[in-house]
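Structure below is run34.pdb: PDB, C-alpha atoms, pLDDT in the B column.
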ATOM      1  CA  MET A 781      22.856 -33.281  10.072  1.00 62.00           C
ATOM      2  CA  THR A 782      21.589 -30.282  12.018  1.00 80.00           C
ATOM      3  CA  ALA A 783      19.914 -27.467  10.119  1.00 89.00           C
ATOM      4  CA  PRO A 784      22.455 -24.836   9.065  1.00 93.00           C
ATOM      5  CA  ALA A 785      22.259 -21.464  10.803  1.00 96.00           C
ATOM      6  CA  ILE A 786      21.752 -18.951   8.001  1.00 98.00           C
ATOM      7  CA  GLY A 787      21.771 -15.284   8.868  1.00 98.00           C
ATOM      8  CA  VAL A 788      19.676 -12.657   7.139  1.00 98.00           C
ATOM      9  CA  LEU A 789      21.331  -9.239   7.094  1.00 97.00           C
ATOM     10  CA  ALA A 790      18.654  -7.331   9.008  1.00 97.00           C
ATOM     11  CA  LEU A 791      19.580  -3.714   8.314  1.00 95.00           C
ATOM     12  CA  GLN A 792      16.950  -2.873   5.683  1.00 93.00           C
ATOM     13  CA  GLY A 793      14.807  -4.657   3.108  1.00 90.00           C
ATOM     14  CA  ASP A 794      12.622  -7.770   3.002  1.00 92.00           C
ATOM     15  CA  VAL A 795      14.202  -9.550   5.970  1.00 95.00           C
ATOM     16  CA  ARG A 796      11.025 -11.251   7.261  1.00 96.00           C
ATOM     17  CA  GLU A 797      10.286 -12.826   3.858  1.00 96.00           C
ATOM     18  CA  HIS A 798      13.791 -14.321   3.628  1.00 97.00           C
ATOM     19  CA  VAL A 799      13.524 -15.685   7.184  1.00 97.00           C
ATOM     20  CA  ALA A 800      10.245 -17.415   6.215  1.00 96.00           C
ATOM     21  CA  ALA A 801      11.698 -18.795   2.949  1.00 97.00           C
ATOM     22  CA  LEU A 802      14.828 -20.138   4.678  1.00 97.00           C
ATOM     23  CA  THR A 803      12.706 -21.768   7.377  1.00 96.00           C
ATOM     24  CA  GLY A 804      10.561 -23.310   4.627  1.00 95.00           C
ATOM     25  CA  ALA A 805      13.759 -24.653   3.035  1.00 94.00           C
ATOM     26  CA  GLY A 806      14.798 -26.410   6.262  1.00 94.00           C
ATOM     27  CA  ALA A 807      17.359 -23.911   7.552  1.00 96.00           C
ATOM     28  CA  ARG A 808      17.526 -22.142  10.910  1.00 96.00           C
ATOM     29  CA  ALA A 809      17.203 -18.452  10.014  1.00 97.00           C
ATOM     30  CA  VAL A 810      18.599 -15.764  12.311  1.00 96.00           C
ATOM     31  CA  PRO A 811      18.697 -11.971  11.890  1.00 97.00           C
ATOM     32  CA  VAL A 812      22.195 -10.451  11.719  1.00 97.00           C
ATOM     33  CA  ARG A 813      22.811  -6.833  12.749  1.00 96.00           C
ATOM     34  CA  ARG A 814      26.180  -7.023  14.539  1.00 96.00           C
ATOM     35  CA  PRO A 815      29.636  -8.488  13.818  1.00 96.00           C
ATOM     36  CA  GLY A 816      29.221 -11.031  16.659  1.00 96.00           C
ATOM     37  CA  GLU A 817      25.985 -12.332  15.095  1.00 97.00           C
ATOM     38  CA  LEU A 818      27.707 -12.551  11.698  1.00 97.00           C
ATOM     39  CA  ALA A 819      30.530 -14.604  13.243  1.00 96.00           C
ATOM     40  CA  ALA A 820      28.009 -17.204  14.504  1.00 96.00           C
ATOM     41  CA  VAL A 821      26.305 -18.138  11.201  1.00 98.00           C
ATOM     42  CA  ASP A 822      27.113 -20.808   8.594  1.00 97.00           C
ATOM     43  CA  GLY A 823      25.783 -18.693   5.707  1.00 98.00           C
ATOM     44  CA  LEU A 824      24.195 -15.306   5.069  1.00 98.00           C
ATOM     45  CA  VAL A 825      21.433 -13.801   2.940  1.00 98.00           C
ATOM     46  CA  ILE A 826      21.659 -10.160   1.849  1.00 97.00           C
ATOM     47  CA  PRO A 827      18.040  -9.237   1.127  1.00 96.00           C
ATOM     48  CA  GLY A 828      16.441  -7.005  -1.437  1.00 91.00           C
ATOM     49  CA  GLY A 829      15.898  -3.407  -0.455  1.00 89.00           C
ATOM     50  CA  GLU A 830      17.912  -0.305  -1.349  1.00 90.00           C
ATOM     51  CA  SER A 831      21.550  -1.141  -2.066  1.00 91.00           C
ATOM     52  CA  THR A 832      22.828   2.352  -1.216  1.00 90.00           C
ATOM     53  CA  THR A 833      21.048   2.273   2.162  1.00 92.00           C
ATOM     54  CA  ILE A 834      22.269  -1.263   2.936  1.00 93.00           C
ATOM     55  CA  SER A 835      25.835  -0.197   2.083  1.00 93.00           C
ATOM     56  CA  LYS A 836      25.667   2.853   4.381  1.00 92.00           C
ATOM     57  CA  LEU A 837      24.027   0.930   7.244  1.00 94.00           C
ATOM     58  CA  ALA A 838      26.551  -1.941   6.956  1.00 95.00           C
ATOM     59  CA  THR A 839      29.311   0.642   7.346  1.00 94.00           C
ATOM     60  CA  ALA A 840      27.542   2.373  10.262  1.00 94.00           C
ATOM     61  CA  PHE A 841      26.952  -0.945  12.082  1.00 94.00           C
ATOM     62  CA  GLY A 842      30.604  -1.997  11.628  1.00 95.00           C
ATOM     63  CA  LEU A 843      29.603  -4.904   9.375  1.00 96.00           C
ATOM     64  CA  LEU A 844      31.097  -4.046   5.978  1.00 96.00           C
ATOM     65  CA  GLU A 845      34.700  -5.106   6.668  1.00 97.00           C
ATOM     66  CA  PRO A 846      33.726  -8.232   8.694  1.00 97.00           C
ATOM     67  CA  LEU A 847      31.409  -9.190   5.805  1.00 97.00           C
ATOM     68  CA  ARG A 848      34.205  -8.772   3.272  1.00 97.00           C
ATOM     69  CA  GLU A 849      36.548 -10.842   5.451  1.00 97.00           C
ATOM     70  CA  ARG A 850      34.029 -13.673   5.830  1.00 97.00           C
ATOM     71  CA  VAL A 851      33.308 -13.694   2.087  1.00 97.00           C
ATOM     72  CA  ARG A 852      37.059 -13.923   1.377  1.00 96.00           C
ATOM     73  CA  ALA A 853      37.247 -16.785   3.905  1.00 97.00           C
ATOM     74  CA  GLY A 854      34.542 -18.744   2.037  1.00 97.00           C
ATOM     75  CA  LEU A 855      31.272 -17.876   3.819  1.00 98.00           C
ATOM     76  CA  PRO A 856      28.324 -18.893   1.609  1.00 98.00           C
ATOM     77  CA  VAL A 857      26.271 -15.779   0.832  1.00 98.00           C
ATOM     78  CA  TYR A 858      23.091 -15.345  -1.211  1.00 98.00           C
ATOM     79  CA  GLY A 859      22.005 -11.898  -2.368  1.00 98.00           C
ATOM     80  CA  SER A 860      18.650 -11.077  -3.962  1.00 97.00           C
ATOM     81  CA  CYS A 861      18.160  -7.832  -5.942  1.00 95.00           C
ATOM     82  CA  ALA A 862      19.993  -5.245  -3.772  1.00 94.00           C
ATOM     83  CA  GLY A 863      21.902  -8.221  -2.355  1.00 96.00           C
ATOM     84  CA  MET A 864      23.105  -9.034  -5.889  1.00 97.00           C
ATOM     85  CA  ILE A 865      24.446  -5.468  -6.150  1.00 96.00           C
ATOM     86  CA  MET A 866      26.171  -5.857  -2.758  1.00 96.00           C
ATOM     87  CA  LEU A 867      27.940  -9.064  -3.932  1.00 98.00           C
ATOM     88  CA  ALA A 868      29.162  -7.543  -7.206  1.00 97.00           C
ATOM     89  CA  ASP A 869      32.835  -6.645  -7.497  1.00 96.00           C
ATOM     90  CA  LYS A 870      31.781  -3.569  -9.490  1.00 95.00           C
ATOM     91  CA  ILE A 871      28.656  -1.440  -9.969  1.00 94.00           C
ATOM     92  CA  LEU A 872      28.337   0.234 -13.345  1.00 89.00           C
ATOM     93  CA  ASP A 873      26.463   3.282 -11.979  1.00 80.00           C
ATOM     94  CA  PRO A 874      27.089   3.548  -8.220  1.00 79.00           C
ATOM     95  CA  ARG A 875      25.580   6.272  -6.088  1.00 78.00           C
ATOM     96  CA  SER A 876      28.096   8.584  -4.431  1.00 74.00           C
ATOM     97  CA  GLY A 877      29.918   6.721  -1.653  1.00 75.00           C
ATOM     98  CA  GLN A 878      28.196   3.409  -2.402  1.00 84.00           C
ATOM     99  CA  GLU A 879      30.335   0.388  -1.546  1.00 91.00           C
ATOM    100  CA  THR A 880      29.872  -3.332  -2.071  1.00 94.00           C
ATOM    101  CA  VAL A 881      30.924  -6.425  -0.180  1.00 96.00           C
ATOM    102  CA  GLY A 882      32.108  -7.906  -3.476  1.00 97.00           C
ATOM    103  CA  GLY A 883      33.085 -11.507  -4.079  1.00 97.00           C
ATOM    104  CA  ILE A 884      31.393 -12.222  -7.418  1.00 98.00           C
ATOM    105  CA  ASP A 885      33.403 -11.327 -10.509  1.00 97.00           C
ATOM    106  CA  MET A 886      30.630  -9.364 -12.213  1.00 97.00           C
ATOM    107  CA  ILE A 887      29.589  -5.832 -13.095  1.00 95.00           C
ATOM    108  CA  VAL A 888      25.948  -5.008 -12.349  1.00 96.00           C
ATOM    109  CA  ARG A 889      23.692  -2.183 -13.493  1.00 91.00           C
ATOM    110  CA  ARG A 890      21.349  -0.819 -10.797  1.00 89.00           C
ATOM    111  CA  ASN A 891      17.606  -0.428 -11.640  1.00 83.00           C
ATOM    112  CA  ALA A 892      18.359  -1.908 -15.081  1.00 85.00           C
ATOM    113  CA  PHE A 893      14.805  -3.153 -15.686  1.00 83.00           C
ATOM    114  CA  GLY A 894      13.265   0.224 -14.818  1.00 80.00           C
ATOM    115  CA  ARG A 895      11.691   2.090 -11.959  1.00 78.00           C
ATOM    116  CA  GLN A 896       9.266   0.865  -9.264  1.00 79.00           C
ATOM    117  CA  ASN A 897       6.180   1.243 -11.505  1.00 78.00           C
ATOM    118  CA  GLU A 898       7.861  -0.950 -14.151  1.00 83.00           C
ATOM    119  CA  SER A 899       8.167  -3.935 -11.791  1.00 89.00           C
ATOM    120  CA  PHE A 900       7.046  -7.287 -13.216  1.00 93.00           C
ATOM    121  CA  GLU A 901       6.987 -11.047 -12.728  1.00 95.00           C
ATOM    122  CA  ALA A 902       8.400 -13.605 -15.149  1.00 96.00           C
ATOM    123  CA  ALA A 903       9.112 -17.338 -15.222  1.00 97.00           C
ATOM    124  CA  VAL A 904      12.876 -17.921 -15.062  1.00 97.00           C
ATOM    125  CA  GLU A 905      14.752 -21.209 -15.571  1.00 97.00           C
ATOM    126  CA  VAL A 906      17.516 -21.391 -12.958  1.00 98.00           C
ATOM    127  CA  ALA A 907      20.282 -23.983 -13.447  1.00 97.00           C
ATOM    128  CA  GLY A 908      20.539 -26.164 -10.341  1.00 95.00           C
ATOM    129  CA  VAL A 909      16.910 -25.587  -9.323  1.00 97.00           C
ATOM    130  CA  PRO A 910      14.824 -28.654 -10.237  1.00 96.00           C
ATOM    131  CA  GLY A 911      11.105 -28.706 -11.006  1.00 97.00           C
ATOM    132  CA  GLY A 912      10.768 -26.169 -13.802  1.00 97.00           C
ATOM    133  CA  PRO A 913      11.026 -22.396 -13.859  1.00 97.00           C
ATOM    134  CA  VAL A 914      10.784 -20.229 -10.753  1.00 97.00           C
ATOM    135  CA  GLN A 915       8.568 -17.160 -10.675  1.00 95.00           C
ATOM    136  CA  GLY A 916      10.893 -14.177 -10.625  1.00 94.00           C
ATOM    137  CA  VAL A 917       9.629 -10.967  -9.044  1.00 95.00           C
ATOM    138  CA  PHE A 918      11.616  -8.063 -10.521  1.00 95.00           C
ATOM    139  CA  ILE A 919      11.342  -4.825  -8.498  1.00 93.00           C
ATOM    140  CA  ARG A 920      13.709  -2.032  -9.626  1.00 91.00           C
ATOM    141  CA  ALA A 921      15.921  -4.995 -10.432  1.00 92.00           C
ATOM    142  CA  PRO A 922      19.546  -4.963 -11.540  1.00 93.00           C
ATOM    143  CA  TRP A 923      20.981  -7.090 -14.290  1.00 93.00           C
ATOM    144  CA  VAL A 924      24.503  -8.384 -14.857  1.00 96.00           C
ATOM    145  CA  GLU A 925      26.239  -6.234 -17.434  1.00 95.00           C
ATOM    146  CA  SER A 926      29.287  -8.508 -17.677  1.00 96.00           C
ATOM    147  CA  ILE A 927      30.648 -11.547 -15.904  1.00 97.00           C
ATOM    148  CA  GLY A 928      34.207 -12.717 -15.278  1.00 96.00           C
ATOM    149  CA  ALA A 929      35.697 -16.153 -15.861  1.00 95.00           C
ATOM    150  CA  ALA A 930      35.334 -17.205 -12.206  1.00 95.00           C
ATOM    151  CA  ALA A 931      31.553 -16.695 -12.138  1.00 97.00           C
ATOM    152  CA  GLU A 932      28.779 -18.600 -13.906  1.00 98.00           C
ATOM    153  CA  SER A 933      25.471 -17.239 -15.161  1.00 98.00           C
ATOM    154  CA  ILE A 934      22.726 -19.667 -14.086  1.00 98.00           C
ATOM    155  CA  ALA A 935      19.666 -17.765 -15.370  1.00 98.00           C
ATOM    156  CA  ALA A 936      18.865 -15.168 -18.009  1.00 97.00           C
ATOM    157  CA  TYR A 937      15.863 -13.042 -18.903  1.00 96.00           C
ATOM    158  CA  GLU A 938      15.552 -11.247 -22.256  1.00 93.00           C
ATOM    159  CA  GLY A 939      19.253 -11.774 -22.940  1.00 94.00           C
ATOM    160  CA  HIS A 940      20.475 -10.450 -19.594  1.00 95.00           C
ATOM    161  CA  SER A 941      21.983 -12.573 -16.850  1.00 97.00           C
ATOM    162  CA  VAL A 942      19.726 -12.427 -13.759  1.00 97.00           C
ATOM    163  CA  ALA A 943      21.279 -15.144 -11.568  1.00 98.00           C
ATOM    164  CA  VAL A 944      24.959 -15.854 -10.979  1.00 98.00           C
ATOM    165  CA  ARG A 945      26.940 -18.324  -8.926  1.00 98.00           C
ATOM    166  CA  GLN A 946      30.615 -18.222  -7.983  1.00 98.00           C
ATOM    167  CA  GLY A 947      31.820 -20.889  -5.553  1.00 97.00           C
ATOM    168  CA  PRO A 948      29.801 -20.452  -2.325  1.00 98.00           C
ATOM    169  CA  LEU A 949      28.218 -17.190  -3.542  1.00 98.00           C
ATOM    170  CA  LEU A 950      24.799 -16.940  -5.201  1.00 98.00           C
ATOM    171  CA  ALA A 951      22.966 -13.866  -6.483  1.00 98.00           C
ATOM    172  CA  THR A 952      19.625 -13.251  -8.184  1.00 98.00           C
ATOM    173  CA  ALA A 953      18.257 -10.012  -9.664  1.00 97.00           C
ATOM    174  CA  PHE A 954      14.770 -11.150  -8.679  1.00 97.00           C
ATOM    175  CA  HIS A 955      13.018 -11.872  -5.372  1.00 96.00           C
ATOM    176  CA  PRO A 956      12.151 -15.584  -4.903  1.00 95.00           C
ATOM    177  CA  GLU A 957      11.359 -14.860  -1.249  1.00 95.00           C
ATOM    178  CA  LEU A 958       8.137 -13.086  -2.307  1.00 95.00           C
ATOM    179  CA  THR A 959       6.567 -16.057  -4.117  1.00 94.00           C
ATOM    180  CA  GLY A 960       6.146 -18.832  -1.533  1.00 92.00           C
ATOM    181  CA  ASP A 961       8.430 -21.048  -3.695  1.00 95.00           C
ATOM    182  CA  HIS A 962      11.432 -21.961  -1.543  1.00 96.00           C
ATOM    183  CA  ARG A 963      13.508 -23.796  -4.180  1.00 97.00           C
ATOM    184  CA  VAL A 964      16.162 -21.063  -4.612  1.00 98.00           C
ATOM    185  CA  HIS A 965      16.539 -20.890  -0.831  1.00 97.00           C
ATOM    186  CA  ALA A 966      16.777 -24.703  -0.729  1.00 97.00           C
ATOM    187  CA  LEU A 967      19.603 -24.517  -3.306  1.00 97.00           C
ATOM    188  CA  PHE A 968      21.388 -21.994  -1.085  1.00 98.00           C
ATOM    189  CA  ALA A 969      20.804 -24.084   2.057  1.00 97.00           C
ATOM    190  CA  ASP A 970      22.410 -27.033   0.213  1.00 96.00           C
ATOM    191  CA  MET A 971      25.382 -24.798  -0.673  1.00 97.00           C
ATOM    192  CA  VAL A 972      25.732 -23.881   3.020  1.00 97.00           C
ATOM    193  CA  ARG A 973      25.573 -27.568   4.082  1.00 96.00           C
ATOM    194  CA  ALA A 974      28.230 -28.450   1.478  1.00 95.00           C
ATOM    195  CA  ALA A 975      30.501 -25.664   2.755  1.00 94.00           C
ATOM    196  CA  ARG A 976      30.212 -26.920   6.352  1.00 86.00           C
TER     197      ARG A 976
END

If you took the structure in this file and wrote it as structure tokens, what would it be?
Amino acid sequence: MTAPAIGVLALQGDVREHVAALTGAGARAVPVRRPGELAAVDGLVIPGGESTTISKLATAFGLLEPLRERVRAGLPVYGSCAGMIMLADKILDPRSGQETVGGIDMIVRRNAFGRQNESFEAAVEVAGVPGGPVQGVFIRAPWVESIGAAAESIAAYEGHSVAVRQGPLLATAFHPELTGDHRVHALFADMVRAAR
């Protein structure tokens, strides 16, 4: 089977790191900035960065509605940190005008673990990722405040859900792309292959 083409939303955030992690996980990673590029991929990663900025840029680049349509049609999407916020159906404390793509039946709290100077790393057990815990890098990270019946929490840290899966959608509050461990990206690549 040919390597799946997985786009990385290349509007803002740690795009290069996700491209490297996807490549390490055996996928063909391509940057996505336009609706035509989005239409050509088998799956998509929404990277960490600033969720408000990503929301505004997705609107400006004409990508927000096409993204929502593809998610509704079953496109596998993985969001890390800001990407988790973008995949949430609801944000507890949105900035003015902030929109999400939605798709995961969850409510998230932005910057829940604190500000930039309170960033940390922690070992996190993620259901579906073999080989022991992954090193989670939490940078101004959200957490899941509540989760609906359609979604499943697959990792928790200090009593808060930090990774969620719903059908072909995956979200983590942390950044596995910054660690050199490609197992979360390999899980997502497998989800994309299964959806094809």

With all atoms listed in the file as the counted atoms, please give the residues lying no more than 6 Å from A:Met864, apart from itself and same-chain residues fewer than 5 positions off, as an mmCIF file with C-alpha atoms, in the coordinates of the input.
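Saved to part-v2.cif:
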data_model
loop_
_atom_site.group_PDB
_atom_site.id
_atom_site.type_symbol
_atom_site.label_atom_id
_atom_site.label_comp_id
_atom_site.auth_asym_id
_atom_site.auth_seq_id
_atom_site.Cartn_x
_atom_site.Cartn_y
_atom_site.Cartn_z
ATOM 1 C CA GLY A 859 22.005 -11.898 -2.368
ATOM 2 C CA ALA A 951 22.966 -13.866 -6.483
ATOM 3 C CA THR A 952 19.625 -13.251 -8.184
#

What gap, in Å, lies between atom CA of A:Gly806 and atom CA of A:Ala974?
14.4 Å

Applied to this file, what does the PyMOL selection byres ((chain A and resi 970) around 12) return in terms of residues, put as an NGL selection string?
:A and (781 or 783-786 or 802 or 805-807 or 822-823 or 856-858 or 908-909 or 948 or 950 or 963-969 or 971-976)

At most 12 Å from (26.9, -1.5, -2.4), file frame, all atoms listed in the file: which residues, as an mmCIF file with C-alpha atoms, keeping the file's coordinate frame?
data_model
loop_
_atom_site.group_PDB
_atom_site.id
_atom_site.type_symbol
_atom_site.label_atom_id
_atom_site.label_comp_id
_atom_site.auth_asym_id
_atom_site.auth_seq_id
_atom_site.Cartn_x
_atom_site.Cartn_y
_atom_site.Cartn_z
ATOM 1 C CA ILE A 826 21.659 -10.160 1.849
ATOM 2 C CA GLY A 828 16.441 -7.005 -1.437
ATOM 3 C CA GLY A 829 15.898 -3.407 -0.455
ATOM 4 C CA GLU A 830 17.912 -0.305 -1.349
ATOM 5 C CA SER A 831 21.550 -1.141 -2.066
ATOM 6 C CA THR A 832 22.828 2.352 -1.216
ATOM 7 C CA THR A 833 21.048 2.273 2.162
ATOM 8 C CA ILE A 834 22.269 -1.263 2.936
ATOM 9 C CA SER A 835 25.835 -0.197 2.083
ATOM 10 C CA LYS A 836 25.667 2.853 4.381
ATOM 11 C CA LEU A 837 24.027 0.930 7.244
ATOM 12 C CA ALA A 838 26.551 -1.941 6.956
ATOM 13 C CA THR A 839 29.311 0.642 7.346
ATOM 14 C CA LEU A 844 31.097 -4.046 5.978
ATOM 15 C CA ARG A 848 34.205 -8.772 3.272
ATOM 16 C CA GLY A 859 22.005 -11.898 -2.368
ATOM 17 C CA CYS A 861 18.160 -7.832 -5.942
ATOM 18 C CA ALA A 862 19.993 -5.245 -3.772
ATOM 19 C CA GLY A 863 21.902 -8.221 -2.355
ATOM 20 C CA MET A 864 23.105 -9.034 -5.889
ATOM 21 C CA ILE A 865 24.446 -5.468 -6.150
ATOM 22 C CA MET A 866 26.171 -5.857 -2.758
ATOM 23 C CA LEU A 867 27.940 -9.064 -3.932
ATOM 24 C CA ALA A 868 29.162 -7.543 -7.206
ATOM 25 C CA ASP A 869 32.835 -6.645 -7.497
ATOM 26 C CA LYS A 870 31.781 -3.569 -9.490
ATOM 27 C CA ILE A 871 28.656 -1.440 -9.969
ATOM 28 C CA LEU A 872 28.337 0.234 -13.345
ATOM 29 C CA ASP A 873 26.463 3.282 -11.979
ATOM 30 C CA PRO A 874 27.089 3.548 -8.220
ATOM 31 C CA ARG A 875 25.580 6.272 -6.088
ATOM 32 C CA SER A 876 28.096 8.584 -4.431
ATOM 33 C CA GLY A 877 29.918 6.721 -1.653
ATOM 34 C CA GLN A 878 28.196 3.409 -2.402
ATOM 35 C CA GLU A 879 30.335 0.388 -1.546
ATOM 36 C CA THR A 880 29.872 -3.332 -2.071
ATOM 37 C CA VAL A 881 30.924 -6.425 -0.180
ATOM 38 C CA GLY A 882 32.108 -7.906 -3.476
ATOM 39 C CA GLY A 883 33.085 -11.507 -4.079
ATOM 40 C CA ILE A 887 29.589 -5.832 -13.095
ATOM 41 C CA VAL A 888 25.948 -5.008 -12.349
ATOM 42 C CA ARG A 889 23.692 -2.183 -13.493
ATOM 43 C CA ARG A 890 21.349 -0.819 -10.797
#

Using the chain letters and numbers from this file, what does the PyMOL selection byres ((chain A and resi 899) around 8) select? Give the answer as a VMD selection string.
chain A and resid 893 to 898 900 to 901 917 to 921

Would you work out the distance separating atom CA of A:His962 from atom CA of A:Val942, expressed in Å to one decimal?
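Pair atom CA of A:His962 / atom CA of A:Val942 returns 17.6 Å.
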
Go ahead and compute the interatomic distance for atom CA of A:Ala819 and atom CA of A:Glu932, in Å to one decimal.
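Computed distance, atom CA of A:Ala819 to atom CA of A:Glu932, equals 27.5 Å.
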
For A:Tyr937, which of A:Ala903, A:Leu949, A:Val821, A:Met886 is the closest residue, counting only C-alpha atoms?
A:Ala903

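The residue that comes closest to A:Ile927, out of A:Gln792, A:Ser941, A:Thr803, A:Asn891 and on the basis of all atoms listed in the file, is A:Ser941.
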
Starting from the PyMOL selection byres ((chain A and resi 795-800) around 9), expand the selection into actual residues of this file and give them as a count of residues only.
27

Of the listed residues A:Ser860, A:Arg814, A:Trp923, A:Ala907, that which approaches A:Leu847 most closely, counting all atoms listed in the file:
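Closest to A:Leu847, using all atoms listed in the file: A:Arg814.
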
I want to know what sits within 9 Å of A:Val906, based on only C-alpha atoms, with residues of the same chain fewer than 5 positions away left out; could you give that as a VMD selection string?
chain A and resid 912 to 914 934 to 936 943 964

Closest of A:Val812, A:Ala902, A:Ala931, A:Val924 to A:Thr959, counting all atoms listed in the file, is A:Ala902
